[in-house]
Structure formats: structure tokens, C-alpha cells
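Next up, protein_18.cif (mmCIF, C-alpha atoms):
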data_data
#
loop_
_atom_site.label_atom_id
_atom_site.label_comp_id
_atom_site.auth_asym_id
_atom_site.auth_seq_id
_atom_site.Cartn_x
_atom_site.Cartn_y
_atom_site.Cartn_z
CA MET A 1 -26.83 7.75 -9.56
CA GLU A 2 -27.83 9.15 -12.94
CA ASP A 3 -24.93 9.27 -15.36
CA GLY A 4 -25.82 12.74 -16.61
CA ARG A 5 -25.57 14.13 -13.09
CA ALA A 6 -22.62 12.10 -11.85
CA ALA A 7 -19.59 13.94 -10.50
CA ARG A 8 -16.60 13.60 -12.79
CA TYR A 9 -14.21 15.94 -10.97
CA VAL A 10 -13.98 15.47 -7.21
CA ALA A 11 -11.79 17.08 -4.55
CA ILE A 12 -11.47 15.85 -0.98
CA ILE A 13 -10.25 17.51 2.20
CA THR A 14 -8.89 14.42 3.91
CA ASP A 15 -9.39 15.57 7.49
CA GLY A 16 -9.19 13.59 10.71
CA ASN A 17 -5.99 11.52 10.58
CA GLY A 18 -4.65 12.91 13.84
CA ARG A 19 -7.91 12.44 15.74
CA TRP A 20 -8.20 8.89 14.39
CA ALA A 21 -4.76 8.09 15.80
CA ARG A 22 -5.40 9.77 19.17
CA GLN A 23 -8.66 7.86 19.62
CA ARG A 24 -6.65 4.64 19.31
CA GLY A 25 -3.71 5.72 21.43
CA LEU A 26 -1.40 5.68 18.40
CA PRO A 27 1.28 8.13 17.24
CA VAL A 28 -0.06 10.76 14.86
CA VAL A 29 2.06 9.38 12.02
CA GLU A 30 0.06 6.14 12.21
CA GLY A 31 -3.04 8.17 11.48
CA HIS A 32 -1.35 9.68 8.46
CA ASN A 33 -0.34 6.20 7.26
CA ALA A 34 -3.91 4.99 7.65
CA GLY A 35 -5.08 8.08 5.80
CA ALA A 36 -2.66 7.39 2.95
CA ASP A 37 -4.06 3.85 2.69
CA THR A 38 -7.54 5.35 2.45
CA VAL A 39 -6.43 7.70 -0.34
CA LYS A 40 -5.26 4.72 -2.37
CA ALA A 41 -8.45 2.76 -1.73
CA ARG A 42 -10.77 5.66 -2.58
CA LEU A 43 -8.69 6.44 -5.67
CA ARG A 44 -9.42 2.94 -6.95
CA ASP A 45 -13.10 3.44 -6.14
CA ALA A 46 -13.06 6.77 -7.96
CA ALA A 47 -11.69 5.17 -11.11
CA GLU A 48 -14.37 2.48 -10.88
CA PHE A 49 -17.09 5.11 -10.37
CA GLY A 50 -16.07 6.94 -13.54
CA ILE A 51 -14.45 9.94 -11.86
CA ARG A 52 -11.89 11.52 -14.17
CA GLU A 53 -9.98 13.66 -11.67
CA LEU A 54 -9.53 13.22 -7.92
CA THR A 55 -7.75 15.91 -5.90
CA VAL A 56 -6.66 15.26 -2.31
CA TYR A 57 -5.34 17.72 0.27
CA SER A 58 -2.10 16.12 1.42
CA PHE A 59 -0.15 18.92 3.12
CA SER A 60 -1.07 22.59 3.35
CA THR A 61 1.12 25.67 3.53
CA GLU A 62 -0.15 26.05 7.10
CA ASN A 63 0.87 22.52 8.12
CA TRP A 64 4.50 23.61 8.51
CA SER A 65 3.43 25.06 11.88
CA ARG A 66 2.82 21.55 13.27
CA PRO A 67 5.40 19.98 15.62
CA ALA A 68 8.72 19.43 13.86
CA GLU A 69 8.71 15.68 14.55
CA GLU A 70 5.29 15.32 12.92
CA VAL A 71 6.38 17.29 9.84
CA THR A 72 9.57 15.22 9.54
CA ALA A 73 7.60 11.98 9.83
CA LEU A 74 5.12 13.20 7.22
CA MET A 75 7.88 14.05 4.76
CA ARG A 76 9.50 10.65 5.29
CA MET A 77 6.17 8.88 4.80
CA PHE A 78 5.38 10.93 1.71
CA SER A 79 8.75 10.03 0.18
CA GLU A 80 8.32 6.32 0.95
CA ARG A 81 4.82 6.28 -0.47
CA ILE A 82 5.88 7.91 -3.72
CA ARG A 83 8.75 5.46 -4.17
CA ARG A 84 6.67 2.39 -3.35
CA GLU A 85 3.31 3.23 -4.89
CA THR A 86 4.17 5.06 -8.12
CA PRO A 87 4.80 1.78 -10.02
CA GLU A 88 1.41 0.48 -8.82
CA LEU A 89 -0.39 3.62 -9.88
CA GLU A 90 1.39 3.61 -13.23
CA ALA A 91 0.23 0.04 -13.85
CA GLU A 92 -3.35 0.98 -12.93
CA GLY A 93 -3.53 3.84 -15.43
CA VAL A 94 -3.32 6.66 -12.88
CA ARG A 95 -1.73 9.95 -13.85
CA MET A 96 -0.14 11.79 -10.91
CA ARG A 97 0.22 15.54 -10.56
CA PHE A 98 1.45 17.52 -7.59
CA ILE A 99 0.14 21.04 -7.03
CA GLY A 100 1.55 23.56 -4.57
CA ARG A 101 4.59 25.63 -3.86
CA ARG A 102 7.98 23.99 -4.25
CA ASP A 103 9.77 26.07 -1.61
CA ARG A 104 10.60 24.44 1.76
CA VAL A 105 10.40 20.99 0.14
CA SER A 106 13.71 19.10 0.03
CA GLY A 107 15.49 18.68 -3.28
CA ALA A 108 15.37 14.89 -2.94
CA LEU A 109 11.60 14.89 -2.43
CA LEU A 110 11.09 17.28 -5.35
CA GLU A 111 13.05 14.87 -7.55
CA GLN A 112 10.77 12.03 -6.47
CA MET A 113 7.68 14.09 -7.24
CA ASP A 114 9.03 14.94 -10.69
CA TRP A 115 9.85 11.26 -11.25
CA ALA A 116 6.33 10.14 -10.29
CA GLU A 117 4.78 12.70 -12.64
CA ALA A 118 7.05 11.63 -15.50
CA GLU A 119 6.44 7.90 -14.91
CA THR A 120 2.66 8.33 -15.07
CA ALA A 121 2.37 11.17 -17.58
CA HIS A 122 0.96 8.96 -20.36
CA ASN A 123 -1.86 7.50 -18.25
CA ASP A 124 -5.43 8.63 -18.84
CA ARG A 125 -7.73 6.41 -16.77
CA ILE A 126 -7.87 8.93 -13.90
CA THR A 127 -5.71 11.84 -12.75
CA LEU A 128 -4.74 12.10 -9.09
CA PHE A 129 -3.88 15.66 -8.11
CA VAL A 130 -2.01 15.76 -4.81
CA ALA A 131 -2.14 19.17 -3.13
CA PHE A 132 1.20 19.26 -1.32
CA ASN A 133 2.60 22.40 0.33
CA TYR A 134 -0.58 23.88 -1.08
CA GLY A 135 -2.71 26.87 -0.15
CA GLY A 136 -5.53 28.36 -2.18
CA ARG A 137 -4.52 31.94 -1.38
CA ALA A 138 -0.89 31.15 -2.18
CA GLU A 139 -1.93 29.76 -5.56
CA ILE A 140 -3.91 32.90 -6.39
CA ILE A 141 -1.08 35.18 -5.24
CA ASP A 142 1.49 33.21 -7.24
CA ALA A 143 -0.69 33.49 -10.35
CA ALA A 144 -1.43 37.17 -9.75
CA THR A 145 2.27 38.07 -9.57
CA ARG A 146 2.67 36.76 -13.14
CA PHE A 147 -0.64 38.02 -14.51
CA THR A 148 -0.25 40.79 -17.05
CA GLY A 149 -3.89 41.20 -17.95
CA GLY A 150 -6.66 39.42 -19.79
CA ASP A 151 -9.72 37.41 -18.81
CA GLU A 152 -10.42 34.56 -16.37
CA GLU A 153 -9.07 31.97 -18.77
CA ASP A 154 -5.80 33.88 -19.10
CA PHE A 155 -5.53 33.95 -15.31
CA ARG A 156 -6.39 30.27 -15.02
CA ARG A 157 -3.43 29.36 -17.24
CA LEU A 158 -1.17 30.68 -14.47
CA LEU A 159 -2.54 28.37 -11.76
CA TYR A 160 -0.50 25.39 -10.58
CA ALA A 161 -2.37 22.92 -12.81
CA PRO A 162 -4.20 24.86 -15.52
CA GLU A 163 -5.41 21.59 -17.03
CA MET A 164 -7.34 20.74 -13.85
CA HIS A 165 -11.11 20.97 -14.22
CA ASP A 166 -13.09 22.84 -11.60
CA PRO A 167 -14.35 20.25 -9.10
CA ASP A 168 -18.00 19.32 -9.37
CA LEU A 169 -17.89 18.24 -5.75
CA VAL A 170 -15.74 18.99 -2.71
CA ILE A 171 -15.99 16.49 0.15
CA ARG A 172 -14.66 17.19 3.63
CA THR A 173 -14.44 14.46 6.24
CA SER A 174 -14.36 14.55 10.08
CA GLY A 175 -17.48 16.68 10.56
CA GLU A 176 -15.71 20.01 10.03
CA GLN A 177 -17.50 22.41 7.68
CA ARG A 178 -15.01 24.74 6.05
CA LEU A 179 -12.75 24.85 2.99
CA SER A 180 -9.51 25.54 4.89
CA ASN A 181 -7.84 27.44 2.07
CA TYR A 182 -8.41 24.63 -0.44
CA LEU A 183 -8.91 25.20 -4.17
CA LEU A 184 -10.46 28.62 -3.56
CA TRP A 185 -10.41 29.62 -7.24
CA GLN A 186 -11.48 26.25 -8.61
CA SER A 187 -14.28 25.62 -6.09
CA ALA A 188 -16.27 28.78 -6.78
CA TYR A 189 -19.31 26.76 -7.92
CA ALA A 190 -18.53 23.35 -6.46
CA GLU A 191 -21.13 21.47 -4.47
CA LEU A 192 -20.03 20.75 -0.90
CA VAL A 193 -20.62 17.57 1.10
CA PHE A 194 -19.50 17.29 4.72
CA ALA A 195 -19.07 13.77 6.05
CA ASP A 196 -18.84 12.85 9.75
CA GLU A 197 -16.31 10.03 9.30
CA LEU A 198 -12.67 10.70 10.11
CA TRP A 199 -10.70 10.29 6.91
CA PRO A 200 -9.20 6.83 7.66
CA ASP A 201 -12.77 5.61 8.31
CA PHE A 202 -14.17 7.10 5.08
CA GLY A 203 -15.00 3.91 3.22
CA ARG A 204 -16.39 3.03 -0.17
CA ASP A 205 -20.01 3.27 0.99
CA ALA A 206 -19.50 6.72 2.47
CA PHE A 207 -17.82 7.85 -0.75
CA ARG A 208 -20.69 6.52 -2.81
CA ALA A 209 -23.20 8.23 -0.52
CA ALA A 210 -21.46 11.58 -1.05
CA LEU A 211 -21.53 11.07 -4.83
CA ASP A 212 -25.21 10.12 -4.66
CA GLU A 213 -25.98 13.26 -2.66
CA TYR A 214 -24.28 15.32 -5.35
CA ALA A 215 -26.24 13.56 -8.11
CA ASN A 216 -29.51 14.47 -6.40
CA ARG A 217 -28.72 18.19 -6.38
CA ARG A 218 -29.45 20.69 -9.11
CA ARG A 219 -26.56 22.97 -10.05
CA ARG A 220 -27.65 26.41 -11.28
CA PHE A 221 -24.34 28.34 -11.57
CA GLY A 222 -26.14 31.54 -10.62
CA GLY A 223 -29.10 30.96 -12.96
CA ARG A 224 -32.58 29.64 -12.30
#

Final C-alpha cells representation of the file:
Amino acid sequence: MEDGRAARYVAIITDGNGRWARQRGLPVVEGHNAGADTVKARLRDAAEFGIRELTVYSFSTENWSRPAEEVTALMRMFSERIRRETPELEAEGVRMRFIGRRDRVSGALLEQMDWAEAETAHNDRITLFVAFNYGGRAEIIDAATRFTGGDEEDFRRLLYAPEMHDPDLVIRTSGEQRLSNYLLWQSAYAELVFADELWPDFGRDAFRAALDEYANRRRRFGGR
């Protein structure tokens, strides 16, 4: 992978946790736990590969329509992971940021999210953006309601994380080929790679292969 063409800003649609669990006869929450382990492992790979920002799709605005027991288990797991893993990420130089709407999220979980962001705010090895209660259309609508005029940069400042760079590359796992309302503004010129592996099976080699595929492409941004 040539350094000049290496992806520095990468977003992933971490799809396939439920199917992974069903294939093994496990509860869906076990798939989400395996998926969370994969996020941590690929985050460490990303830092090693020189990626500066990694964004993962953790919970969408549409995911509230899932069975109540699955949503409850997800919220419990998310809370436990923040509490347990934030000190590890802080020690490894990871800065954490959560993007998405804050409605429908419990006050206790919001406090944990704020705590994790504060604990890691000084880190600069890599930034992990966690899209939680996130929808691309919701983000654009929320920005538009506060937009009083100006150019694209003025509008960008109203997004959930205006400091986030546009992703060079968006990866989706599980063989599905769609964006699913993810980073619609930011991904306007992103390269897309669709991987067949279910997210818990998306290993270091598969990650590297996606980055290599990106490096072999030529980005034109509408030019020639």
C-alpha cells in the first residue's frame, strides 16, 4: 500500500452481528458482543495502519424498531463496554467521540458517554467516532434547522462532529451493498468497499485487503 494513497479516514458499517449469532445458534446479543470485540481489534489495527479516524456504526435511529429485549440488551452491553474499555482506550491513545441524537438515550448512559469523551479528549493517536442513535438524514435535518445561511463549510460546522474529516473509504461487511443512512453528507466522495464477511468474522487480513483495494483506486472528485 503506497503511503500517498493510503486511507487516513475510514468509516465502517459493521453489519452481520445478528446473522453471525443465528448461524451458531446463539442469542443475538452474543453476536453484538462478538461484534464489539471485533471493533476493538480492528481499532488497534487501524492505529497500527496509520489511520487517523475510524468511524463505526453502532446503533442507528432505525434500530429502535428492533425487538425490545434486543434493544435493552444492546443498551446494557453498550454501557458495560464504555465503563470497562474506556480506561484501556485512554491508555492506548484513543480519543472517543459519540455522534448521533441524544433523545431516547437514558440519562445514565449519556453521562457515561460524556465521561468517556472527557477521559480521552487529550489523546491524538487515533479518534474513534461511534455513531450511536445515528442517522445520516437526521444529522442533516438537525443541522438544517439551525442553519441560517452561508456556504458548505458553514453548514458543516452544524453537523454532530464538525471536526470529523470526510471518510476516504467506507467499508460495509456482510455482503450487503448499501449505505443504510450512514454519513450521507460526509461520504459524498468516499470510496466504497463491500466485504462478504459478517462483521464478527472481519479480521485483520480482510481489513488490510479493503485498505489495499482503496489504495489501488484513483480518486477524481468529479475531475479527470

Taking the file as shown, find all residues satisfying the PyMOL selection byres ((chain A and resi 50) around 9) and write them as an mmCIF file with C-alpha atoms, keeping the file's coordinate frame.
data_model
loop_
_atom_site.group_PDB
_atom_site.id
_atom_site.type_symbol
_atom_site.label_atom_id
_atom_site.label_comp_id
_atom_site.auth_asym_id
_atom_site.auth_seq_id
_atom_site.Cartn_x
_atom_site.Cartn_y
_atom_site.Cartn_z
ATOM 1 C CA ALA A 6 -22.620 12.100 -11.850
ATOM 2 C CA ALA A 7 -19.590 13.940 -10.500
ATOM 3 C CA ARG A 8 -16.600 13.600 -12.790
ATOM 4 C CA ASP A 45 -13.100 3.440 -6.140
ATOM 5 C CA ALA A 46 -13.060 6.770 -7.960
ATOM 6 C CA ALA A 47 -11.690 5.170 -11.110
ATOM 7 C CA GLU A 48 -14.370 2.480 -10.880
ATOM 8 C CA PHE A 49 -17.090 5.110 -10.370
ATOM 9 C CA ILE A 51 -14.450 9.940 -11.860
ATOM 10 C CA ARG A 52 -11.890 11.520 -14.170
ATOM 11 C CA ARG A 125 -7.730 6.410 -16.770
ATOM 12 C CA ILE A 126 -7.870 8.930 -13.900
#

On this structure, which residues satisfy the PyMOL selection byres ((chain A and resi 138) around 12), written as a PyMOL selection string? chain A and resi 60-62+99-103+133-137+139-145+159-160+181-185

Using only C-alpha atoms for the distances, tell me which of A:Thr86, A:Thr38, A:Gln177, A:Thr148 is nearest to Phe207 of chain A. A:Thr38

Picked residues, the PyMOL selection byres ((chain A and resi 35) around 8), as JSON, numbers by chain: {"A": [14, 17, 31, 32, 33, 34, 36, 37, 38, 39, 199, 200]}

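With distances restricted to all atoms listed in the file, A:Val105 is the closest residue to Leu74 of chain A from A:Ile171, A:Ala121, A:Val105, A:Ala41.
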
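For the pair atom CA of Arg156 of chain A and atom CA of Ile82 of chain A, the separation is 27.9 Å.
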
Measuring atom to atom with all atoms listed in the file, identify which of A:Ala11, A:Leu43, A:Met75, A:Leu192 is nearest to Met164 of chain A.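 Ranked by minimum distance to Met164 of chain A, first place goes to A:Ala11.
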
Which residue gives the smallest distance to Arg218 of chain A among A:Glu152, A:Asp168, A:Glu163, A:Glu176, with all atoms listed in the file counted?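 Using all atoms listed in the file, the shortest distance to Arg218 of chain A belongs to A:Asp168.
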
Pairwise distance for atom CA of Gln23 of chain A and atom CA of Asp201 of chain A, rounded to one decimal in Å: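 Between atom CA of Gln23 of chain A and atom CA of Asp201 of chain A the gap is 12.2 Å.
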